[in-house]
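Here is the file input_17.txt (compact mmCIF, C-alpha atoms).
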```txt
# COMPACT_ATOMS: atom_id res chain seq x y z
CA MET A 1 68.02 -130.86 -47.58
CA THR A 2 67.70 -130.02 -43.89
CA LEU A 3 70.60 -129.35 -41.55
CA ALA A 4 69.96 -132.73 -39.91
CA ASP A 5 70.24 -134.37 -43.35
CA ARG A 6 73.56 -132.65 -44.05
CA LEU A 7 74.95 -133.54 -40.64
CA ASP A 8 73.84 -137.14 -41.03
CA ALA A 9 75.60 -137.27 -44.41
CA ALA A 10 78.79 -136.05 -42.71
CA LEU A 11 78.80 -138.87 -40.15
CA PRO A 12 80.55 -142.21 -40.89
CA GLN A 13 77.37 -144.28 -40.35
CA THR A 14 79.08 -146.88 -38.18
CA GLN A 15 75.98 -146.78 -35.90
CA CYS A 16 78.26 -147.40 -32.91
CA THR A 17 76.15 -145.35 -30.42
CA ARG A 18 79.33 -143.99 -28.79
CA CYS A 19 77.98 -140.49 -29.40
CA GLY A 20 75.31 -141.26 -26.82
CA TYR A 21 72.47 -141.62 -29.33
CA PRO A 22 70.82 -144.77 -30.78
CA ASP A 23 72.21 -144.17 -34.27
CA CYS A 24 73.94 -141.62 -36.49
CA ARG A 25 70.66 -140.06 -37.60
CA ARG A 26 69.51 -139.36 -34.06
CA TYR A 27 72.87 -137.76 -33.27
CA ALA A 28 72.56 -135.59 -36.39
CA GLU A 29 69.10 -134.47 -35.35
CA ALA A 30 70.35 -133.66 -31.83
CA MET A 31 73.18 -131.54 -33.26
CA ALA A 32 70.79 -129.77 -35.61
CA GLY A 33 68.53 -128.99 -32.67
CA GLY A 34 71.39 -127.64 -30.57
CA GLU A 35 71.08 -130.50 -28.10
CA ALA A 36 74.43 -132.19 -28.82
CA ALA A 37 78.00 -131.04 -29.38
CA ILE A 38 79.89 -131.75 -32.59
CA ASN A 39 82.72 -133.64 -30.85
CA GLN A 40 80.96 -136.86 -29.84
CA CYS A 41 81.85 -139.16 -32.77
CA PRO A 42 85.11 -141.11 -32.28
CA PRO A 43 84.90 -142.92 -35.66
CA GLY A 44 84.77 -139.57 -37.48
CA GLY A 45 87.73 -138.26 -35.50
CA ARG A 46 89.24 -134.83 -35.94
CA GLU A 47 88.27 -134.58 -39.60
CA GLY A 48 84.71 -135.51 -38.73
CA ILE A 49 84.55 -132.70 -36.18
CA GLU A 50 85.85 -130.28 -38.80
CA ARG A 51 83.12 -131.38 -41.21
CA LEU A 52 80.42 -130.93 -38.58
CA ALA A 53 81.87 -127.57 -37.53
CA ALA A 54 81.68 -126.29 -41.11
CA LEU A 55 78.04 -127.32 -41.38
CA THR A 56 76.99 -125.85 -38.04
CA SER A 57 79.22 -122.77 -38.03
CA ARG A 58 80.54 -123.88 -34.66
CA PRO A 59 84.24 -123.78 -33.69
CA VAL A 60 86.37 -126.90 -34.09
CA ILE A 61 86.95 -128.48 -30.68
CA PRO A 62 88.79 -131.63 -29.54
CA LEU A 63 87.01 -134.97 -29.44
CA ASN A 64 85.29 -135.44 -26.09
CA PRO A 65 87.12 -138.34 -24.37
CA VAL A 66 83.89 -139.31 -22.63
CA HIS A 67 82.77 -140.76 -25.96
CA GLY A 68 86.01 -142.56 -26.76
CA ALA A 69 89.26 -141.95 -28.59
CA GLU A 70 90.14 -141.66 -32.26
CA THR A 71 91.82 -144.98 -33.06
CA PRO A 72 92.67 -147.12 -36.10
CA ARG A 73 89.62 -148.83 -37.57
CA GLY A 74 89.02 -152.36 -36.37
CA VAL A 75 86.84 -155.28 -37.31
CA ALA A 76 85.31 -157.86 -35.01
CA VAL A 77 86.76 -161.38 -34.89
CA ILE A 78 85.02 -164.30 -33.17
CA ASP A 79 87.06 -166.98 -31.39
CA GLU A 80 85.32 -170.14 -32.61
CA ASN A 81 86.71 -172.15 -29.73
CA TRP A 82 84.64 -170.12 -27.28
CA CYS A 83 81.56 -169.17 -29.31
CA ILE A 84 78.45 -170.80 -27.81
CA GLY A 85 76.08 -169.80 -30.60
CA CYS A 86 73.85 -167.65 -28.40
CA THR A 87 73.03 -165.24 -31.31
CA LEU A 88 73.29 -162.17 -29.04
CA CYS A 89 76.01 -160.72 -31.25
CA ILE A 90 73.82 -161.18 -34.32
CA LYS A 91 71.02 -159.25 -32.64
CA ALA A 92 73.42 -156.49 -31.59
CA CYS A 93 74.96 -155.91 -35.02
CA PRO A 94 73.35 -152.83 -36.62
CA VAL A 95 74.35 -153.76 -40.17
CA ASP A 96 73.73 -157.53 -40.22
CA ALA A 97 77.44 -158.27 -40.62
CA ILE A 98 77.32 -161.45 -38.52
CA VAL A 99 76.01 -164.75 -39.84
CA GLY A 100 75.19 -167.88 -37.91
CA ALA A 101 72.39 -169.74 -36.17
CA SER A 102 71.45 -170.71 -32.64
CA LYS A 103 74.03 -173.08 -31.10
CA ARG A 104 76.18 -172.77 -34.21
CA MET A 105 79.47 -170.99 -34.75
CA HIS A 106 79.01 -167.37 -35.83
CA THR A 107 81.15 -165.58 -38.39
CA ILE A 108 81.86 -161.90 -39.03
CA VAL A 109 81.50 -160.74 -42.64
CA GLU A 110 84.62 -158.59 -42.46
CA PRO A 111 83.97 -156.24 -45.43
CA GLU A 112 80.60 -155.32 -43.91
CA CYS A 113 81.78 -154.79 -40.32
CA THR A 114 81.71 -151.11 -39.32
CA GLY A 115 83.82 -151.66 -36.21
CA CYS A 116 81.00 -150.46 -33.96
CA GLU A 117 82.03 -152.90 -31.15
CA LEU A 118 78.40 -153.51 -30.13
CA CYS A 119 78.84 -157.25 -30.57
CA VAL A 120 81.81 -157.21 -28.17
CA PHE A 121 79.65 -155.90 -25.35
CA ALA A 122 76.79 -158.26 -26.20
CA CYS A 123 78.88 -161.45 -26.07
CA PRO A 124 78.37 -163.26 -22.73
CA VAL A 125 81.56 -165.30 -23.03
CA ASP A 126 83.94 -162.56 -24.26
CA CYS A 127 84.86 -164.44 -27.40
CA ILE A 128 84.81 -161.40 -29.70
CA ALA A 129 87.78 -159.10 -30.12
CA MET A 130 88.39 -156.01 -32.24
CA VAL A 131 91.40 -156.34 -34.54
CA PRO A 132 92.87 -153.20 -36.17
CA VAL A 133 92.79 -153.27 -39.98
CA THR A 134 94.21 -149.79 -40.60
CA THR A 135 97.02 -147.68 -39.26
CA THR A 136 95.07 -144.51 -40.04
CA THR A 137 92.22 -143.08 -38.00
CA GLY A 138 88.95 -141.21 -38.52
CA TRP A 139 87.93 -140.51 -42.10
CA ALA A 140 91.39 -141.51 -43.30
CA ALA A 141 90.45 -145.06 -42.27
CA TRP A 142 86.89 -144.97 -43.61
CA SER A 143 85.85 -144.24 -47.19
CA GLU A 144 82.76 -142.56 -48.61
CA THR A 145 81.89 -145.88 -50.24
CA GLN A 146 82.02 -147.68 -46.90
CA GLN A 147 79.88 -144.95 -45.38
CA ARG A 148 77.24 -145.31 -48.10
CA GLU A 149 77.18 -149.10 -47.86
CA ALA A 150 76.94 -148.99 -44.06
CA ARG A 151 74.01 -146.59 -44.29
CA GLU A 152 72.23 -148.89 -46.74
CA ARG A 153 72.80 -151.97 -44.59
CA TYR A 154 71.57 -150.16 -41.48
CA ALA A 155 68.44 -149.03 -43.34
CA PHE A 156 67.79 -152.62 -44.43
CA HIS A 157 68.44 -153.84 -40.87
CA THR A 158 65.92 -151.43 -39.36
CA GLN A 159 63.34 -152.23 -42.04
CA ARG A 160 63.81 -155.94 -41.43
CA LEU A 161 63.28 -155.55 -37.70
CA ALA A 162 60.21 -153.37 -38.26
CA GLN A 163 58.73 -155.95 -40.62
CA ALA A 164 59.42 -158.74 -38.12
CA ALA A 165 57.65 -156.71 -35.44
CA ARG A 166 54.65 -156.16 -37.72
CA ASP A 167 54.50 -159.84 -38.56
CA ASN A 168 54.59 -160.72 -34.87
CA GLU A 169 51.83 -158.24 -34.09
CA ALA A 170 49.74 -159.72 -36.89
CA ARG A 171 50.17 -163.20 -35.41
CA LEU A 172 49.17 -161.93 -31.97
CA ALA A 173 46.14 -160.15 -33.41
CA ALA A 174 45.05 -163.32 -35.21
CA LYS A 175 45.46 -165.30 -32.00
CA ALA A 176 43.42 -162.73 -30.07
CA ALA A 177 40.72 -162.77 -32.72
CA HIS A 178 40.52 -166.54 -32.47
CA LYS A 179 40.22 -166.25 -28.71
CA LEU A 180 37.42 -163.73 -29.13
CA GLU A 181 35.54 -166.10 -31.41
CA HIS A 182 36.00 -168.85 -28.87
CA LEU A 183 34.63 -166.70 -26.07
CA ALA A 184 31.64 -165.70 -28.16
CA SER A 185 30.75 -169.32 -28.72
CA GLU A 186 31.61 -170.56 -25.24
CA SER A 187 28.43 -172.03 -23.87
CA LYS A 188 29.78 -172.22 -20.33
CA LEU A 189 29.95 -168.44 -20.01
CA THR A 190 26.50 -167.45 -18.84
CA ASP A 191 27.40 -164.07 -17.36
CA PRO A 192 26.88 -161.47 -20.13
CA GLU A 193 28.84 -158.82 -18.24
CA ALA A 194 31.87 -161.08 -17.76
CA LEU A 195 31.80 -162.02 -21.44
CA ALA A 196 31.51 -158.36 -22.41
CA ARG A 197 34.50 -157.42 -20.27
CA LYS A 198 36.66 -160.17 -21.78
CA ARG A 199 35.55 -159.22 -25.27
CA ALA A 200 36.45 -155.57 -24.62
CA VAL A 201 39.94 -156.52 -23.40
CA ILE A 202 40.61 -158.72 -26.42
CA GLU A 203 39.22 -156.20 -28.90
CA ALA A 204 41.45 -153.51 -27.39
CA ALA A 205 44.45 -155.82 -27.77
CA ILE A 206 43.54 -156.46 -31.41
CA ALA A 207 43.23 -152.72 -32.04
CA ARG A 208 46.65 -152.03 -30.53
CA ALA A 209 48.25 -154.81 -32.55
CA LYS A 210 46.71 -153.48 -35.77
CA ALA A 211 47.84 -149.95 -34.97
CA ARG A 212 51.44 -151.07 -34.40
CA ALA A 213 51.39 -153.23 -37.52
CA GLU A 214 50.27 -150.23 -39.55
CA GLY A 215 52.95 -148.03 -38.03
CA GLY A 216 50.62 -145.91 -35.95
CA ASP A 217 50.67 -145.10 -32.30
CA ALA A 218 48.64 -147.38 -30.09
CA PRO A 219 47.13 -146.04 -26.85
```
Written as C-alpha cells, how would this file's structure read?
Amino acid sequence: MTLADRLDAALPQTQCTRCGYPDCRRYAEAMAGGEAAINQCPPGGREGIERLAALTSRPVIPLNPVHGAETPRGVAVIDENWCIGCTLCIKACPVDAIVGASKRMHTIVEPECTGCELCVFACPVDCIAMVPVTTTTGWAAWSETQQREARERYAFHTQRLAQAARDNEARLAAKAAHKLEHLASESKLTDPEALARKRAVIEAAIARAKARAEGGDAP
C-alpha cells in the first residue's frame, strides 16, 4: 500500500472539496507528494490531522481556517416549498444522496448524506440548509462504517458518470459515422477536395470519441 493509499484511508471520504482538491483521493496524493499540508480537512478535524501526522511523520498543527472550521456533522435538508426541481443539487452531490427528477421535489437520503455542503452552493434558490445531527465534531461525529460507505458511493458515482460520458461519446460517434456515410453518397458534392476535407474532419471526430469511450487520451 502506497503512502497515498494510507493517507486516503485516513480521510473521512466526505468528498467535500474544502481541502482545495476535487476529492479525498486527490488530496491524499497531494499530501504524499509534499504538495499539500495535513491540516486542510475540516471534516476530519483535530483527530484527522493527528492521523495524517502519524502517517507522514509531520508535526501536528492546527486546522487551517482557510479551509473551514471543525464543526458538528450536518446533513442537508431541502425546503420543499422553495425547491424548483432544477436538479443542480443532484448533479453536485458526490455520493448520489439526493433523489428527484426535473421539475419535481427533491429529497435528501439522510443516512447517505456526507454533509459535504456542495448541494447548498449549487442551489439557485437557496432552499437547502445544513442541519446539525451531532454534538461531536471530526472523527467523533463520523464512523469508520460511514467512511467506508461514503467511499463506495463515491466510487459508484464516478463510475456512473464515466459510463454516461462513454455512452454519450458512442452516440456522437455513431451520429458522425452516419454523417460520413451521407457525405460519401451525396451526389451534389462534386468537389473531391471539399469532400475529402469534410471526411477528414468527421473521421477525426470519430477517432476522438472512440478514444474517450475507451478511456484513452484523445489528441
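Nearest to His67 in chain A of all the residues A:Ala54, A:Gly45, A:Glu110, A:Arg18 is A:Arg18, counting all atoms listed in the file.
Among the candidate residues A:Lys175, A:Arg73, A:Arg26, A:Arg58, the one lying nearest to Pro42 in chain A is A:Arg73, with distances computed using all atoms listed in the file.
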How close does range 85-120 of chain A get to range 148-170 of chain A? List, as JSON lines, each residue of range 85-120 of chain A within 12 Å, its nearest atom pair and the distance in Å to one decimal, counting all atoms listed in the file.
```
{"residue": "A:Ile90", "atom": "CA", "partner": "A:His157", "partner_atom": "CA", "distance": 11.2}
{"residue": "A:Lys91", "atom": "CA", "partner": "A:Leu161", "partner_atom": "CA", "distance": 10.0}
{"residue": "A:Ala92", "atom": "CA", "partner": "A:His157", "partner_atom": "CA", "distance": 10.9}
{"residue": "A:Cys93", "atom": "CA", "partner": "A:His157", "partner_atom": "CA", "distance": 9.0}
{"residue": "A:Pro94", "atom": "CA", "partner": "A:Tyr154", "partner_atom": "CA", "distance": 5.8}
{"residue": "A:Val95", "atom": "CA", "partner": "A:Tyr154", "partner_atom": "CA", "distance": 4.7}
{"residue": "A:Asp96", "atom": "CA", "partner": "A:His157", "partner_atom": "CA", "distance": 6.5}
{"residue": "A:Ala97", "atom": "CA", "partner": "A:Arg153", "partner_atom": "CA", "distance": 8.8}
{"residue": "A:Ile98", "atom": "CA", "partner": "A:His157", "partner_atom": "CA", "distance": 11.9}
{"residue": "A:Pro111", "atom": "CA", "partner": "A:Glu149", "partner_atom": "CA", "distance": 10.1}
{"residue": "A:Glu112", "atom": "CA", "partner": "A:Ala150", "partner_atom": "CA", "distance": 7.3}
{"residue": "A:Cys113", "atom": "CA", "partner": "A:Ala150", "partner_atom": "CA", "distance": 8.4}
{"residue": "A:Thr114", "atom": "CA", "partner": "A:Ala150", "partner_atom": "CA", "distance": 7.1}
{"residue": "A:Gly115", "atom": "CA", "partner": "A:Ala150", "partner_atom": "CA", "distance": 10.8}
{"residue": "A:Cys116", "atom": "CA", "partner": "A:Ala150", "partner_atom": "CA", "distance": 11.0}
```
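Atom pair CA of Arg6 in chain A / CA of Val75 in chain A: separated by 27.1 Å.
Of note, CA of Arg171 in chain A and CA of Ala204 in chain A are spaced 15.3 Å apart.
For the pair CA of Ala122 in chain A and CA of Cys41 in chain A, the interatomic distance is 20.8 Å.
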Judged by only C-alpha atoms, the minimum distance to Gln15 in chain A among A:Met105, A:Leu88, A:Leu118, A:Val77 is found for A:Leu118
Give me the residues near Gly34 in chain A as a short mmCIF file (atom, residue, chain, number, x, y, z; two decimals) with C-alpha atoms, keeping the file's coordinate frame, where near means some atom within 12 Å (using all atoms listed in the file) and where sequence neighbours in that chain fewer than 6 positions away do not count.
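File written: out36.cif
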```cif
data_model
loop_
_atom_site.label_atom_id
_atom_site.label_comp_id
_atom_site.auth_asym_id
_atom_site.auth_seq_id
_atom_site.Cartn_x
_atom_site.Cartn_y
_atom_site.Cartn_z
CA LEU A 3 70.60 -129.35 -41.55
CA ALA A 4 69.96 -132.73 -39.91
CA TYR A 27 72.87 -137.76 -33.27
CA ALA A 28 72.56 -135.59 -36.39
CA THR A 56 76.99 -125.85 -38.04
CA SER A 57 79.22 -122.77 -38.03
CA ARG A 58 80.54 -123.88 -34.66
#
```
Go through A:Leu11, A:Ala37, A:Ile78, A:Ala32 one by one, measure the shortest atom-to-atom distance of each to Arg51 in chain A using all atoms listed in the file, and give the residue with the smallest value. A:Leu11
Skip Val125 in chain A itself and residues of its chain fewer than 5 positions away, then list as a ChimeraX atom specification all residues within 8 Å of it, counting only C-alpha atoms. /A:82-84
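When only C-alpha atoms are used to compute distances to Val131 in chain A, the closest of the residues A:Ala101, A:Ala76, A:Ala173, A:Ile108 turns out to be A:Ala76.
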Between A:Ile49, A:Val99, A:Cys19, A:Cys24, single out the one closest to Val66 in chain A, counting all atoms listed in the file. A:Cys19
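Within 12 Å of the point (87.0, -126.8, -30.5), counting only C-alpha atoms, the protein and nucleic acid residues come to Ala37, Ile38, Asn39, Gln40, Arg46, Ile49, Glu50, Leu52, Ala53, Ala54, Ser57, Arg58, Pro59, Val60, Ile61, Pro62, Leu63 and Asn64 of chain A.
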Expected residue set, 7 Å radius at (87.9, -155.7, -29.6), all atoms listed in the file, as a PyMOL selection string: chain A and resi 76+117+120+128-131
